[in-house]
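Presented below is the structure to which this report refers.
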Protein chains: 2
Amino acid sequence: MQFTDKDENRLMQLMLHRRDIRGNNFLSQELTEQELEKILLAATTAPSVGLSQPWKFVIIRDKQIRQMVYRNFELETHRARQKFSLEAQQQYQQLKLDGIIEAPVNIAVYYTSPENPIIGNNTIPEVGEYSVVCAIQNMWLMARAMNIGMGWVSILNPSVVDDILKAPAGHKLIAYLCIGHVKEFYDIPELEKLNWERRKSLYASIVHNQFSEDYETAHDHRQK
Amino acid sequence: MQFTDKDENRLMQLMLHRRDIRGNNFLSQELTEQELEKILLAATTAPSVGLSQPWKFVIIRDKQIRQMVYRNFELETHRARQKFSLEAQQQYQQLKLDGIIEAPVNIAVYYTSPENPIIGNNTIPEVGEYSVVCAIQNMWLMARAMNIGMGWVSILNPSVVDDILKAPAGHKLIAYLCIGHVKEFYDIPELEKLNWERRKSLYASIVHNQFSEDYETAHDHRQK
């Protein structure tokens, strides 16, 4: 199959307009089963090491379960805040960093470790987890093409989430996602809008052939 | 920005027709700087925890460096083969699993660990690495939209690659990619075509609310 310049341009637009969505931007409107299925189908087209497809998607609509996860988010986000400067802590407190309750659907994405050898999964053990992340990025892009928002909540204690969801042995939490229709997609990332962090130029991230030839540990961006 | 049903359908086609490309399928034709830049720009639009953008792309065209990396691939793929059954080893030996020499461009993608606290990066330390993987999946999809192939070589010893590329401390190899124009994109994954592995149904990967309610450790796919 041949794709065209138009496909390439639309994909770039899609990638540029994909945002991390939080609770200040989700609508309560339900996601239909059909919408959810499309997003999950996109996930399953992702590459995976040795075609192992080591992903499990826990689709959480149950409000009690989401409340339990939210309580852990509150605890951990409070703890995390202490690591920043006092000035940054004030701003941190005003940031909305999750959409666990506001989004109609949460999805906990797990990696399942293989029972048998997987081709390509030997020297770099994390490569199976990375396959799951490729699936998550596919979900994010497909959701955006459907004008549906997704947010990734990383401020959670994975072992607490495992307990809440009764995750069996050999299952590792990779991401906790919130998905739903949105009020709006911002033009630029929220953390950039709020002047917390700014985007790097492409050239700050490129090295040619070897690090020693042209590499400088020039950090061209502000970090709090 | 609103996307349409057509955008959604084209994206699904793109995801379905993305393949892992190996040396039996790369053309020697050079990638232009402009082509490479588009693929890398797609990477930099990926989500990253706290907008940390913790990625470095080492663009390798140098043939000597690629030869050194290829020697490690040969060693590690030989070692990895021993883990399979005798029957599987025969088939393994016939698989082409890399395109290090055949592709005109290799890209080693590194994660750089932060010097300061990053918002959202506290309870799950791997989340920064996962951001880099999101960038890689963006590259894969953008390349495919440009009818350019990409393959991910995971059978490498990361510390040997670090030495070859003179990676500084705090840099972790996430992926080693081969990129170039291709003879063809197969309709289905090569490992499926060769009957090594088959694709799971979506429903084999879904759980509702909690694992205990409906989860069975039914592995519905053959693994060697």
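Going through the structure tokens in order, the chains are called A, B, and so on, while each chain numbers its residues from 1 and the ligands are numbered from 1 in the order shown.
Residues lying within 6 Å of region 50-67 of chain A, counting only C-alpha atoms and ignoring same-chain neighbours fewer than 3 positions away, are A:Tyr70, A:Val105, A:Asn106, A:Ile107, A:Ala108, A:Val109, A:Tyr110, A:Tyr111, A:Thr112, A:Ile118, A:Ile119, A:Gly120, A:Val132, B:Ser205, B:Ile206, B:Val207, B:His208, B:Asn209.
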Every residue of region 66-224 of chain B that DSSP places in strand (DSSP E), as an NGL selection string:
:B and (105-112 or 148-153 or 171-181 or 206-208)
Which residues are close to Thr123 (chain A), i.e. within 10 Å by only C-alpha atoms, leaving aside same-chain residues fewer than 5 positions away? Reply as number ranges by chain.
B: 76-77, 79-80, 154-158
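If you look at CA of Lys183 (chain A) and CA of Tyr92 (chain A), they are 22.4 Å away from each other.
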Quick one: DSSP helix (DSSP H, G or I) residues in region 8-185 of chain A, as a VMD selection string?
chain A and resid 8 to 16 33 to 44 49 to 51 63 to 81 86 to 94 127 to 145 158 to 165
Need to verify the contact set: Leu95 (chain A), 10 Å, only C-alpha atoms, exclusion of same-chain residues closer than 2 positions in sequence. Can you return it as a PyMOL selection string?
chain A and resi 22+24+89-93+97-98+190-191+194
Can you pull out the residues contacting region 113-115 of chain B? Cut-off 8 Å, using only C-alpha atoms, and skip same-chain residues under 6 positions away; I want them as a list in words.
Pro54, Gly128, Gly170 and His171 of chain B
Within 10 Å of region 44-49 of chain B: each region 115-193 of chain A residue with its shortest pair, only C-alpha atoms, as CSV:
```
residue,atom,partner,partner_atom,distance
A:Gln137,CA,B:Ala46,CA,8.3
A:Trp140,CA,B:Pro47,CA,9.4
A:Leu141,CA,B:Ala46,CA,9.9
A:Gly151,CA,B:Pro47,CA,9.8
A:Trp152,CA,B:Val49,CA,8.8
A:Val153,CA,B:Val49,CA,9.4
A:Ser154,CA,B:Val49,CA,8.0
A:Pro189,CA,B:Pro47,CA,9.1
```
For CA of Arg18 (chain A) and CA of Phe185 (chain A), quote the distance in Å rounded to one decimal.
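Atom-to-atom, CA of Arg18 (chain A) and CA of Phe185 (chain A) are spaced 7.7 Å apart.
Among the candidates B:Ala167, B:Val160, B:Leu16, B:Ala175, the residue lying nearest to Pro125 (chain A) is B:Ala175 (atoms considered: only C-alpha atoms).
With only C-alpha atoms as the basis for measurement, A:Asn138 is the residue among A:Asn138, A:Ser212, A:Gln13, A:Asn116 that approaches Lys38 (chain A) most closely.
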Atomic separation - CA of Ile179 (chain A) relative to CA of Glu102 (chain A), Å:
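According to the coordinates, CA of Glu102 (chain A) and CA of Ile179 (chain A) are separated by 9.3 Å.
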Neighbour list for Ser159 (chain B) as a ChimeraX atom specification, cut-off 12 Å, only C-alpha atoms, skip fewer than 3 positions in-chain:
/A:123-124 /B:69,72,156,162-169,171-174
